[in-house]
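Trainee: Okay, so here is input_19.cif, and as you'll see once you scroll down, it has mmCIF, N, CA and C atoms and all ligand atoms.
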```
data_target
#
loop_
_atom_site.label_atom_id
_atom_site.label_comp_id
_atom_site.auth_asym_id
_atom_site.auth_seq_id
_atom_site.Cartn_x
_atom_site.Cartn_y
_atom_site.Cartn_z
N MET A 1 0.84 -1.20 0.00
CA MET A 1 0.00 0.00 0.00
C MET A 1 0.87 1.25 0.00
N LYS A 2 0.42 2.25 -0.75
CA LYS A 2 1.13 3.53 -0.79
C LYS A 2 0.13 4.63 -0.47
N VAL A 3 0.59 5.61 0.28
CA VAL A 3 -0.27 6.76 0.53
C VAL A 3 0.23 7.92 -0.33
N TYR A 4 -0.70 8.54 -1.05
CA TYR A 4 -0.34 9.68 -1.88
C TYR A 4 -1.06 10.93 -1.41
N ASN A 5 -0.35 12.03 -1.43
CA ASN A 5 -0.98 13.32 -1.20
C ASN A 5 -1.48 13.82 -2.54
N LEU A 6 -2.76 14.13 -2.58
CA LEU A 6 -3.37 14.54 -3.84
C LEU A 6 -3.92 15.95 -3.72
N SER A 7 -4.05 16.59 -4.86
CA SER A 7 -4.59 17.93 -4.87
C SER A 7 -5.44 18.11 -6.11
N CYS A 8 -6.63 18.71 -5.94
CA CYS A 8 -7.46 18.97 -7.11
C CYS A 8 -7.04 20.31 -7.72
N GLN A 9 -7.71 20.71 -8.79
CA GLN A 9 -7.33 21.96 -9.46
C GLN A 9 -7.59 23.19 -8.59
N GLN A 10 -8.47 23.02 -7.62
CA GLN A 10 -8.73 24.14 -6.71
C GLN A 10 -7.86 24.08 -5.45
N HIS A 11 -6.84 23.23 -5.53
CA HIS A 11 -5.84 23.10 -4.46
C HIS A 11 -6.40 22.57 -3.15
N HIS A 12 -7.43 21.77 -3.21
CA HIS A 12 -7.85 21.05 -2.01
C HIS A 12 -6.92 19.86 -1.87
N ARG A 13 -6.32 19.72 -0.71
CA ARG A 13 -5.39 18.61 -0.53
C ARG A 13 -6.03 17.48 0.26
N PHE A 14 -5.76 16.27 -0.16
CA PHE A 14 -6.26 15.10 0.57
C PHE A 14 -5.36 13.91 0.32
N GLU A 15 -5.51 12.89 1.17
CA GLU A 15 -4.68 11.69 1.08
C GLU A 15 -5.52 10.50 0.61
N ARG A 16 -4.89 9.63 -0.17
CA ARG A 16 -5.55 8.39 -0.58
C ARG A 16 -4.54 7.25 -0.55
N TRP A 17 -5.04 6.07 -0.21
CA TRP A 17 -4.19 4.88 -0.24
C TRP A 17 -4.40 4.15 -1.56
N PHE A 18 -3.29 3.65 -2.11
CA PHE A 18 -3.36 2.86 -3.35
C PHE A 18 -2.51 1.61 -3.19
N ALA A 19 -2.92 0.55 -3.91
CA ALA A 19 -2.17 -0.70 -3.85
C ALA A 19 -0.77 -0.51 -4.44
N SER A 20 -0.69 0.33 -5.47
CA SER A 20 0.59 0.56 -6.15
C SER A 20 0.48 1.82 -6.99
N GLU A 21 1.60 2.20 -7.60
CA GLU A 21 1.61 3.34 -8.52
C GLU A 21 0.64 3.08 -9.69
N ASP A 22 0.66 1.82 -10.19
CA ASP A 22 -0.24 1.46 -11.30
C ASP A 22 -1.70 1.62 -10.91
N ASP A 23 -1.99 1.21 -9.68
CA ASP A 23 -3.35 1.32 -9.17
C ASP A 23 -3.78 2.80 -9.19
N PHE A 24 -2.88 3.67 -8.72
CA PHE A 24 -3.17 5.10 -8.73
C PHE A 24 -3.43 5.60 -10.15
N LEU A 25 -2.51 5.20 -11.09
CA LEU A 25 -2.62 5.67 -12.48
C LEU A 25 -3.92 5.20 -13.12
N SER A 26 -4.28 3.94 -12.89
CA SER A 26 -5.49 3.43 -13.53
C SER A 26 -6.74 4.10 -12.95
N GLN A 27 -6.76 4.29 -11.62
CA GLN A 27 -7.91 4.98 -11.02
C GLN A 27 -7.99 6.43 -11.48
N SER A 28 -6.81 7.03 -11.65
CA SER A 28 -6.74 8.42 -12.10
C SER A 28 -7.26 8.53 -13.54
N GLN A 29 -6.83 7.58 -14.40
CA GLN A 29 -7.26 7.61 -15.81
C GLN A 29 -8.76 7.36 -15.95
N ARG A 30 -9.28 6.49 -15.10
CA ARG A 30 -10.72 6.20 -15.16
C ARG A 30 -11.53 7.23 -14.37
N GLN A 31 -10.84 8.27 -13.88
CA GLN A 31 -11.47 9.37 -13.13
C GLN A 31 -12.26 8.87 -11.93
N GLN A 32 -11.63 7.92 -11.23
CA GLN A 32 -12.29 7.36 -10.04
C GLN A 32 -11.85 8.06 -8.76
N ILE A 33 -10.86 8.95 -8.88
CA ILE A 33 -10.40 9.67 -7.70
C ILE A 33 -11.07 11.04 -7.69
N ARG A 34 -11.84 11.27 -6.65
CA ARG A 34 -12.56 12.54 -6.57
C ARG A 34 -12.09 13.35 -5.38
N CYS A 35 -12.05 14.65 -5.56
CA CYS A 35 -11.75 15.54 -4.44
C CYS A 35 -12.90 15.47 -3.44
N PRO A 36 -12.60 15.23 -2.15
CA PRO A 36 -13.67 15.12 -1.16
C PRO A 36 -14.36 16.46 -0.90
N VAL A 37 -13.74 17.55 -1.30
CA VAL A 37 -14.32 18.87 -1.03
C VAL A 37 -15.23 19.31 -2.17
N CYS A 38 -14.70 19.31 -3.41
CA CYS A 38 -15.46 19.86 -4.53
C CYS A 38 -15.89 18.81 -5.55
N ASP A 39 -15.54 17.52 -5.28
CA ASP A 39 -15.97 16.42 -6.13
C ASP A 39 -15.32 16.44 -7.52
N SER A 40 -14.25 17.21 -7.67
CA SER A 40 -13.57 17.27 -8.96
C SER A 40 -12.80 15.98 -9.21
N VAL A 41 -12.73 15.56 -10.49
CA VAL A 41 -11.93 14.38 -10.82
C VAL A 41 -10.58 14.79 -11.41
N GLU A 42 -10.35 16.10 -11.53
CA GLU A 42 -9.06 16.62 -12.01
C GLU A 42 -8.10 16.66 -10.82
N VAL A 43 -7.48 15.51 -10.57
CA VAL A 43 -6.66 15.37 -9.37
C VAL A 43 -5.22 15.07 -9.73
N ASP A 44 -4.30 15.79 -9.09
CA ASP A 44 -2.88 15.55 -9.31
C ASP A 44 -2.22 15.03 -8.04
N LYS A 45 -1.16 14.26 -8.24
CA LYS A 45 -0.38 13.76 -7.12
C LYS A 45 0.63 14.83 -6.73
N LEU A 46 0.74 15.12 -5.44
CA LEU A 46 1.74 16.08 -4.98
C LEU A 46 3.07 15.37 -4.79
N PRO A 47 4.17 16.05 -5.12
CA PRO A 47 5.46 15.36 -5.08
C PRO A 47 5.95 14.96 -3.69
N SER A 48 5.71 15.81 -2.67
CA SER A 48 6.29 15.47 -1.36
C SER A 48 5.24 14.98 -0.40
N ALA A 49 5.51 13.84 0.22
CA ALA A 49 4.60 13.27 1.20
C ALA A 49 5.13 13.55 2.59
N PRO A 50 4.25 13.91 3.55
CA PRO A 50 4.73 14.15 4.92
C PRO A 50 5.37 12.91 5.53
N HIS A 51 4.95 11.75 5.07
CA HIS A 51 5.52 10.50 5.59
C HIS A 51 7.00 10.41 5.28
N LEU A 52 7.38 11.02 4.17
CA LEU A 52 8.78 11.04 3.77
C LEU A 52 9.58 11.89 4.76
N ASN A 53 9.06 13.07 5.12
CA ASN A 53 9.73 13.95 6.07
C ASN A 53 9.93 13.26 7.41
N LEU A 54 8.91 12.49 7.80
CA LEU A 54 8.96 11.78 9.06
C LEU A 54 10.13 10.80 9.09
N SER A 55 10.29 10.06 8.00
CA SER A 55 11.37 9.09 7.99
C SER A 55 12.73 9.77 7.92
N LEU A 56 12.79 10.94 7.28
CA LEU A 56 14.05 11.67 7.22
C LEU A 56 14.48 12.13 8.60
N SER A 57 13.53 12.62 9.41
CA SER A 57 13.89 13.12 10.73
C SER A 57 14.36 11.98 11.62
N LYS A 58 13.84 10.78 11.38
CA LYS A 58 14.31 9.63 12.14
C LYS A 58 15.75 9.31 11.78
N VAL A 59 16.08 9.48 10.51
CA VAL A 59 17.44 9.23 10.05
C VAL A 59 18.40 10.24 10.65
N ASN A 60 17.94 11.50 10.78
CA ASN A 60 18.81 12.55 11.30
C ASN A 60 19.09 12.41 12.80
N ALA A 61 18.16 11.84 13.53
CA ALA A 61 18.29 11.79 14.99
C ALA A 61 19.57 11.13 15.49
N PRO A 62 19.96 9.97 14.95
CA PRO A 62 21.19 9.35 15.47
C PRO A 62 22.44 10.22 15.26
N ASP A 63 22.44 11.06 14.21
CA ASP A 63 23.59 11.94 13.97
C ASP A 63 23.79 12.90 15.14
N ALA A 64 22.69 13.47 15.63
CA ALA A 64 22.77 14.41 16.74
C ALA A 64 23.27 13.71 18.00
N ALA A 65 22.82 12.47 18.19
CA ALA A 65 23.24 11.72 19.37
C ALA A 65 24.71 11.35 19.29
N ALA A 66 25.23 11.29 18.06
CA ALA A 66 26.63 10.93 17.88
C ALA A 66 27.57 12.08 18.25
N GLN A 67 27.01 13.27 18.52
CA GLN A 67 27.84 14.41 18.91
C GLN A 67 27.42 14.89 20.30
N PRO A 68 27.74 14.12 21.34
CA PRO A 68 27.28 14.51 22.68
C PRO A 68 27.87 15.84 23.13
N GLY A 69 29.06 16.17 22.66
CA GLY A 69 29.69 17.44 23.03
C GLY A 69 28.85 18.62 22.62
N ALA A 70 28.39 18.59 21.37
CA ALA A 70 27.60 19.70 20.84
C ALA A 70 26.27 19.82 21.56
N ALA A 71 25.67 18.67 21.83
CA ALA A 71 24.38 18.68 22.53
C ALA A 71 24.54 19.24 23.93
N GLN A 72 25.62 18.84 24.61
CA GLN A 72 25.86 19.29 25.97
C GLN A 72 26.11 20.80 26.01
N ALA A 73 26.87 21.30 25.03
CA ALA A 73 27.17 22.73 24.98
C ALA A 73 25.89 23.53 24.84
N SER A 74 24.96 23.04 24.01
CA SER A 74 23.73 23.80 23.82
C SER A 74 22.85 23.72 25.05
N ILE A 75 22.92 22.62 25.79
CA ILE A 75 22.15 22.51 27.04
C ILE A 75 22.71 23.48 28.07
N GLN A 76 24.04 23.59 28.14
CA GLN A 76 24.66 24.53 29.08
C GLN A 76 24.28 25.96 28.74
N ALA A 77 24.29 26.29 27.45
CA ALA A 77 23.92 27.64 27.02
C ALA A 77 22.47 27.93 27.40
N LEU A 78 21.65 26.92 27.25
CA LEU A 78 20.23 27.05 27.58
C LEU A 78 20.06 27.28 29.07
N GLN A 79 20.81 26.53 29.88
CA GLN A 79 20.72 26.68 31.33
C GLN A 79 21.16 28.06 31.77
N MET A 80 22.22 28.59 31.13
CA MET A 80 22.69 29.92 31.46
C MET A 80 21.64 30.97 31.13
N ARG A 81 21.03 30.81 29.97
CA ARG A 81 19.96 31.76 29.58
C ARG A 81 18.81 31.70 30.57
N LEU A 82 18.51 30.49 31.01
CA LEU A 82 17.41 30.28 31.94
C LEU A 82 17.73 30.95 33.27
N GLU A 83 18.97 30.79 33.75
CA GLU A 83 19.37 31.41 35.02
C GLU A 83 19.30 32.92 34.93
N GLN A 84 19.74 33.48 33.80
CA GLN A 84 19.65 34.93 33.59
C GLN A 84 18.20 35.39 33.65
N MET A 85 17.35 34.62 33.02
CA MET A 85 15.94 34.97 32.96
C MET A 85 15.35 34.95 34.36
N VAL A 86 15.68 33.90 35.12
CA VAL A 86 15.17 33.77 36.48
C VAL A 86 15.65 34.95 37.33
N ARG A 87 16.93 35.33 37.18
CA ARG A 87 17.48 36.44 37.95
C ARG A 87 16.72 37.74 37.63
N GLN A 88 16.47 37.94 36.34
CA GLN A 88 15.72 39.13 35.93
C GLN A 88 14.33 39.16 36.54
N VAL A 89 13.70 38.01 36.54
CA VAL A 89 12.35 37.92 37.10
C VAL A 89 12.40 38.25 38.59
N VAL A 90 13.39 37.66 39.29
CA VAL A 90 13.51 37.86 40.73
C VAL A 90 13.77 39.33 41.05
N GLU A 91 14.63 39.99 40.24
CA GLU A 91 14.96 41.38 40.51
C GLU A 91 13.80 42.33 40.23
N ASN A 92 12.91 41.95 39.34
CA ASN A 92 11.88 42.88 38.90
C ASN A 92 10.46 42.53 39.35
N THR A 93 10.38 41.57 40.25
CA THR A 93 9.03 41.18 40.68
C THR A 93 8.97 41.07 42.20
N GLU A 94 7.76 41.16 42.71
CA GLU A 94 7.54 41.00 44.14
C GLU A 94 7.09 39.56 44.38
N ASP A 95 7.70 38.93 45.39
CA ASP A 95 7.33 37.55 45.70
C ASP A 95 6.05 37.55 46.53
N VAL A 96 4.98 37.05 45.95
CA VAL A 96 3.71 37.01 46.69
C VAL A 96 3.34 35.58 47.09
N GLY A 97 4.28 34.66 46.82
CA GLY A 97 4.08 33.28 47.26
C GLY A 97 2.78 32.67 46.76
N ASP A 98 2.06 32.02 47.67
CA ASP A 98 0.85 31.32 47.24
C ASP A 98 -0.36 32.26 47.11
N ARG A 99 -0.14 33.57 47.32
CA ARG A 99 -1.21 34.54 47.07
C ARG A 99 -1.19 35.00 45.60
N PHE A 100 -0.40 34.31 44.77
CA PHE A 100 -0.18 34.77 43.39
C PHE A 100 -1.48 34.99 42.61
N ALA A 101 -2.34 34.00 42.62
CA ALA A 101 -3.57 34.09 41.83
C ALA A 101 -4.42 35.28 42.28
N GLU A 102 -4.52 35.44 43.61
CA GLU A 102 -5.28 36.53 44.22
C GLU A 102 -4.70 37.89 43.80
N GLU A 103 -3.36 37.99 43.91
CA GLU A 103 -2.66 39.24 43.60
C GLU A 103 -2.77 39.56 42.11
N ALA A 104 -2.63 38.53 41.27
CA ALA A 104 -2.73 38.73 39.81
C ALA A 104 -4.10 39.29 39.45
N ARG A 105 -5.12 38.80 40.14
CA ARG A 105 -6.48 39.29 39.92
C ARG A 105 -6.63 40.74 40.33
N ARG A 106 -6.06 41.11 41.51
CA ARG A 106 -6.16 42.49 42.01
C ARG A 106 -5.51 43.45 41.03
N ILE A 107 -4.37 43.02 40.45
CA ILE A 107 -3.69 43.87 39.46
C ILE A 107 -4.54 43.97 38.20
N HIS A 108 -5.05 42.83 37.77
CA HIS A 108 -5.83 42.80 36.54
C HIS A 108 -7.06 43.69 36.66
N TYR A 109 -7.71 43.69 37.81
CA TYR A 109 -8.93 44.49 37.96
C TYR A 109 -8.64 45.87 38.57
N ASN A 110 -7.36 46.28 38.47
CA ASN A 110 -6.92 47.62 38.88
C ASN A 110 -7.21 47.95 40.35
N GLU A 111 -7.21 46.94 41.20
CA GLU A 111 -7.41 47.20 42.63
C GLU A 111 -6.10 47.67 43.26
N VAL A 112 -5.00 47.27 42.67
CA VAL A 112 -3.69 47.78 43.10
C VAL A 112 -2.92 48.20 41.85
N ALA A 113 -1.86 49.04 42.05
CA ALA A 113 -1.06 49.49 40.91
C ALA A 113 -0.37 48.29 40.26
N ALA A 114 -0.26 48.35 38.95
CA ALA A 114 0.36 47.25 38.22
C ALA A 114 1.83 47.12 38.60
N HIS A 115 2.22 45.91 38.93
CA HIS A 115 3.63 45.62 39.18
C HIS A 115 3.87 44.15 38.92
N GLY A 116 5.12 43.81 38.70
CA GLY A 116 5.45 42.42 38.43
C GLY A 116 5.39 41.60 39.70
N ILE A 117 4.79 40.47 39.61
CA ILE A 117 4.75 39.58 40.78
C ILE A 117 5.19 38.18 40.37
N ARG A 118 5.65 37.45 41.34
CA ARG A 118 5.95 36.04 41.10
C ARG A 118 5.42 35.26 42.28
N GLY A 119 5.15 34.03 42.07
CA GLY A 119 4.62 33.22 43.15
C GLY A 119 4.22 31.85 42.66
N ILE A 120 3.44 31.22 43.47
CA ILE A 120 3.09 29.82 43.18
C ILE A 120 1.61 29.73 42.84
N THR A 121 1.32 29.01 41.76
CA THR A 121 -0.08 28.73 41.43
C THR A 121 -0.21 27.26 41.10
N SER A 122 -1.39 26.76 41.28
CA SER A 122 -1.67 25.40 40.81
C SER A 122 -2.10 25.48 39.36
N ALA A 123 -2.07 24.36 38.68
CA ALA A 123 -2.50 24.31 37.28
C ALA A 123 -3.95 24.79 37.17
N GLU A 124 -4.74 24.44 38.18
CA GLU A 124 -6.15 24.81 38.21
C GLU A 124 -6.31 26.32 38.29
N GLN A 125 -5.50 26.94 39.18
CA GLN A 125 -5.56 28.39 39.33
C GLN A 125 -5.15 29.09 38.04
N ARG A 126 -4.10 28.57 37.39
CA ARG A 126 -3.63 29.18 36.15
C ARG A 126 -4.72 29.11 35.08
N GLU A 127 -5.42 27.99 35.06
CA GLU A 127 -6.48 27.81 34.09
C GLU A 127 -7.58 28.86 34.31
N LYS A 128 -7.94 29.07 35.59
CA LYS A 128 -8.98 30.04 35.91
C LYS A 128 -8.53 31.45 35.54
N LEU A 129 -7.27 31.76 35.82
CA LEU A 129 -6.73 33.09 35.47
C LEU A 129 -6.81 33.29 33.96
N ALA A 130 -6.42 32.27 33.22
CA ALA A 130 -6.45 32.34 31.75
C ALA A 130 -7.87 32.59 31.26
N GLU A 131 -8.85 31.94 31.91
CA GLU A 131 -10.25 32.14 31.53
C GLU A 131 -10.68 33.58 31.74
N GLU A 132 -10.09 34.23 32.76
CA GLU A 132 -10.43 35.63 33.04
C GLU A 132 -9.60 36.58 32.19
N GLY A 133 -8.72 36.03 31.35
CA GLY A 133 -7.91 36.85 30.46
C GLY A 133 -6.65 37.38 31.12
N ILE A 134 -6.24 36.75 32.22
CA ILE A 134 -5.03 37.18 32.92
C ILE A 134 -3.88 36.28 32.47
N GLU A 135 -2.87 36.92 31.86
CA GLU A 135 -1.76 36.14 31.33
C GLU A 135 -0.75 35.82 32.42
N VAL A 136 -0.39 34.56 32.50
CA VAL A 136 0.58 34.11 33.49
C VAL A 136 1.71 33.42 32.74
N PHE A 137 2.92 33.85 33.03
CA PHE A 137 4.06 33.19 32.41
C PHE A 137 4.64 32.21 33.40
N GLN A 138 4.72 30.97 32.98
CA GLN A 138 5.20 29.93 33.89
C GLN A 138 6.67 29.63 33.63
N LEU A 139 7.48 29.77 34.66
CA LEU A 139 8.89 29.41 34.52
C LEU A 139 9.00 27.89 34.51
N PRO A 140 9.91 27.39 33.68
CA PRO A 140 10.02 25.92 33.59
C PRO A 140 10.72 25.30 34.79
N ILE A 141 11.07 26.08 35.80
CA ILE A 141 11.67 25.49 37.00
C ILE A 141 10.95 26.04 38.23
N ALA A 142 11.10 25.34 39.34
CA ALA A 142 10.47 25.80 40.57
C ALA A 142 11.30 26.94 41.16
N LEU A 143 10.62 28.05 41.46
CA LEU A 143 11.32 29.20 42.04
C LEU A 143 10.84 29.34 43.48
N THR A 144 11.65 28.85 44.41
CA THR A 144 11.21 28.85 45.80
C THR A 144 11.58 30.17 46.47
N ARG A 145 11.00 30.43 47.62
CA ARG A 145 11.30 31.66 48.37
C ARG A 145 12.76 31.73 48.75
N LYS A 146 13.34 30.58 49.12
CA LYS A 146 14.75 30.54 49.51
C LYS A 146 15.62 31.05 48.37
N GLN A 147 15.34 30.56 47.17
CA GLN A 147 16.15 30.98 46.01
C GLN A 147 15.99 32.47 45.77
N SER A 148 14.79 32.99 45.98
CA SER A 148 14.53 34.38 45.65
C SER A 148 15.24 35.33 46.60
N LEU A 149 15.64 34.84 47.79
CA LEU A 149 16.34 35.70 48.75
C LEU A 149 17.81 35.86 48.41
N GLN A 150 18.34 34.97 47.60
CA GLN A 150 19.78 35.02 47.29
C GLN A 150 20.13 36.14 46.34
ZN ZN A 201 -11.36 20.17 -4.68
#
```
Will you turn the file into C-alpha cells for me?
Ligand SMILES: [Zn+2]

Mentor:
Amino acid sequence: MKVYNLSCQQHHRFERWFASEDDFLSQSQRQQIRCPVCDSVEVDKLPSAPHLNLSLSKVNAPDAAAQPGAAQASIQALQMRLEQMVRQVVENTEDVGDRFAEEARRIHYNEVAAHGIRGITSAEQREKLAEEGIEVFQLPIALTRKQSLQ
C-alpha cells in the first residue's frame, strides 16, 4: 500500500491509499479519484509526502546523538539563559508566594497598581486566570522563596 498526497485543481489537498503506482494511475485515468471537497476528478499527485519527512527526521536523529559534546554545549547555554531569565524575574518582581492568583487578579482588575509579581499557582488556578484573560508566564523550574532571597 502507498499513501499519496493529492490535490485537485482548486488546491484542495487530501490523502488516498493505493495498492501501487499502477493502481493510482489506472484509477486516475478512469477518473475514479474525486476531491472530497469539490468532487472534482481533475486530481494531481503532490510530489512530497509528509511521511517522507517523518522518515528523514528519524534518520537525522542518530547523527545528533553521535555528537554529545555539541548537545551538551547547547544545554549549558540554555541553562545559562534560563538562570539569567530567572534572575531578571527575581529582581523585577515581588514575591507574593501562594497569594499569586489573588494578587494577579487584584492587578488585573486595577485594585492595586500594576507591578510584576511572582509566586506559586496550581494548574487549576492558572487555568482560571487564563479564563479571566489574565496572562501568566510559567517558569520551567520551581522558584522557591529561599532561592529568591539570594
Ligand atoms: Zn477540490

Trainee: Using only C-alpha atoms and all ligand atoms, what are the residues with an atom within 12 Å of ligand ZN 201 (chain A), set out as a short mmCIF file (atom, residue, chain, number, x, y, z; two decimals) with N, CA and C atoms, keeping the file's coordinate frame?

Mentor:
```cif
data_model
loop_
_atom_site.label_atom_id
_atom_site.label_comp_id
_atom_site.auth_asym_id
_atom_site.auth_seq_id
_atom_site.Cartn_x
_atom_site.Cartn_y
_atom_site.Cartn_z
N LEU A 6 -2.76 14.13 -2.58
CA LEU A 6 -3.37 14.54 -3.84
C LEU A 6 -3.92 15.95 -3.72
N SER A 7 -4.05 16.59 -4.86
CA SER A 7 -4.59 17.93 -4.87
C SER A 7 -5.44 18.11 -6.11
N CYS A 8 -6.63 18.71 -5.94
CA CYS A 8 -7.46 18.97 -7.11
C CYS A 8 -7.04 20.31 -7.72
N GLN A 9 -7.71 20.71 -8.79
CA GLN A 9 -7.33 21.96 -9.46
C GLN A 9 -7.59 23.19 -8.59
N GLN A 10 -8.47 23.02 -7.62
CA GLN A 10 -8.73 24.14 -6.71
C GLN A 10 -7.86 24.08 -5.45
N HIS A 11 -6.84 23.23 -5.53
CA HIS A 11 -5.84 23.10 -4.46
C HIS A 11 -6.40 22.57 -3.15
N HIS A 12 -7.43 21.77 -3.21
CA HIS A 12 -7.85 21.05 -2.01
C HIS A 12 -6.92 19.86 -1.87
N ARG A 13 -6.32 19.72 -0.71
CA ARG A 13 -5.39 18.61 -0.53
C ARG A 13 -6.03 17.48 0.26
N PHE A 14 -5.76 16.27 -0.16
CA PHE A 14 -6.26 15.10 0.57
C PHE A 14 -5.36 13.91 0.32
N ILE A 33 -10.86 8.95 -8.88
CA ILE A 33 -10.40 9.67 -7.70
C ILE A 33 -11.07 11.04 -7.69
N ARG A 34 -11.84 11.27 -6.65
CA ARG A 34 -12.56 12.54 -6.57
C ARG A 34 -12.09 13.35 -5.38
N CYS A 35 -12.05 14.65 -5.56
CA CYS A 35 -11.75 15.54 -4.44
C CYS A 35 -12.90 15.47 -3.44
N PRO A 36 -12.60 15.23 -2.15
CA PRO A 36 -13.67 15.12 -1.16
C PRO A 36 -14.36 16.46 -0.90
N VAL A 37 -13.74 17.55 -1.30
CA VAL A 37 -14.32 18.87 -1.03
C VAL A 37 -15.23 19.31 -2.17
N CYS A 38 -14.70 19.31 -3.41
CA CYS A 38 -15.46 19.86 -4.53
C CYS A 38 -15.89 18.81 -5.55
N ASP A 39 -15.54 17.52 -5.28
CA ASP A 39 -15.97 16.42 -6.13
C ASP A 39 -15.32 16.44 -7.52
N SER A 40 -14.25 17.21 -7.67
CA SER A 40 -13.57 17.27 -8.96
C SER A 40 -12.80 15.98 -9.21
N VAL A 41 -12.73 15.56 -10.49
CA VAL A 41 -11.93 14.38 -10.82
C VAL A 41 -10.58 14.79 -11.41
N GLU A 42 -10.35 16.10 -11.53
CA GLU A 42 -9.06 16.62 -12.01
C GLU A 42 -8.10 16.66 -10.82
N VAL A 43 -7.48 15.51 -10.57
CA VAL A 43 -6.66 15.37 -9.37
C VAL A 43 -5.22 15.07 -9.73
N ASP A 44 -4.30 15.79 -9.09
CA ASP A 44 -2.88 15.55 -9.31
C ASP A 44 -2.22 15.03 -8.04
#
```

Trainee: Just to confirm, what's the straight-line distance from atom C of Arg105 in chain A to CA of Leu129 in chain A in Å (one decimal)?

Mentor: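 For atom C of Arg105 in chain A relative to CA of Leu129 in chain A, the distance reads 9.1 Å.
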
Trainee: Distance atom C of Val3 in chain A-atom C of Leu25 in chain A, one decimal place?

Mentor: 13.7 Å

Trainee: Would you compute the distance between CA of Tyr4 in chain A and CA of Phe24 in chain A? Give it in Å to one decimal.

Mentor: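 These atoms are spaced 8.7 Å apart.
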
Trainee: Considering only N, CA and C atoms, state which residue in the set A:Arg87, A:Gln32, A:Gly119, A:Met1 is at the smallest distance from Phe18 in chain A.

Mentor: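 Of the candidates, the smallest distance to Phe18 in chain A is held by A:Met1.
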
Trainee: Would you pick out the contacts of Ala104 in chain A at 8 Å or less, using only N, CA and C atoms, so that residues sharing its chain but fewer than 4 positions from it are not included, and give the list as a CSV table (one decimal) with N, CA and C atoms, keeping the file's coordinate frame?

Mentor:
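Here's the written file result_15.csv:
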```csv
chain,number,residue,atom,x,y,z
A,99,ARG,N,-0.1,33.6,47.3
A,99,ARG,CA,-1.2,34.5,47.1
A,99,ARG,C,-1.2,35.0,45.6
A,100,PHE,N,-0.4,34.3,44.8
A,100,PHE,CA,-0.2,34.8,43.4
A,100,PHE,C,-1.5,35.0,42.6
A,108,HIS,N,-5.0,42.8,37.8
A,108,HIS,CA,-5.8,42.8,36.5
A,108,HIS,C,-7.1,43.7,36.7
A,109,TYR,N,-7.7,43.7,37.8
A,109,TYR,CA,-8.9,44.5,38.0
A,109,TYR,C,-8.6,45.9,38.6
A,110,ASN,N,-7.4,46.3,38.5
A,110,ASN,CA,-6.9,47.6,38.9
A,110,ASN,C,-7.2,48.0,40.4
A,117,ILE,N,4.8,40.5,39.6
A,117,ILE,CA,4.8,39.6,40.8
A,117,ILE,C,5.2,38.2,40.4
A,129,LEU,N,-7.3,31.8,35.8
A,129,LEU,CA,-6.7,33.1,35.5
A,129,LEU,C,-6.8,33.3,34.0
A,134,ILE,N,-6.2,36.8,32.2
A,134,ILE,CA,-5.0,37.2,32.9
A,134,ILE,C,-3.9,36.3,32.5
```

Trainee: Could you pull out the strand (DSSP E) residues of range 7-127 of chain A, going by DSSP on the backbone, and write them as a ChimeraX atom specification?

Mentor: /A:7-8,13-18,43-45,94-97,117-119

Trainee: For Pro47 in chain A, which residue out of A:Glu124, A:Arg16, A:Asn5, A:Val89 is the nearest one, using only C-alpha atoms?

Mentor: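 The answer is A:Asn5, which sits nearest to Pro47 in chain A.
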
Trainee: Show which residues sit within 10 Å of Asp98 in chain A, as a list in words. Count only C-alpha atoms, and ignore same-chain residues fewer than 6 positions away.

Mentor: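 Neighbouring residues, sequence-local ones excluded: Arg118, Gly119, Ile120, Thr121 and Ser122 of chain A.
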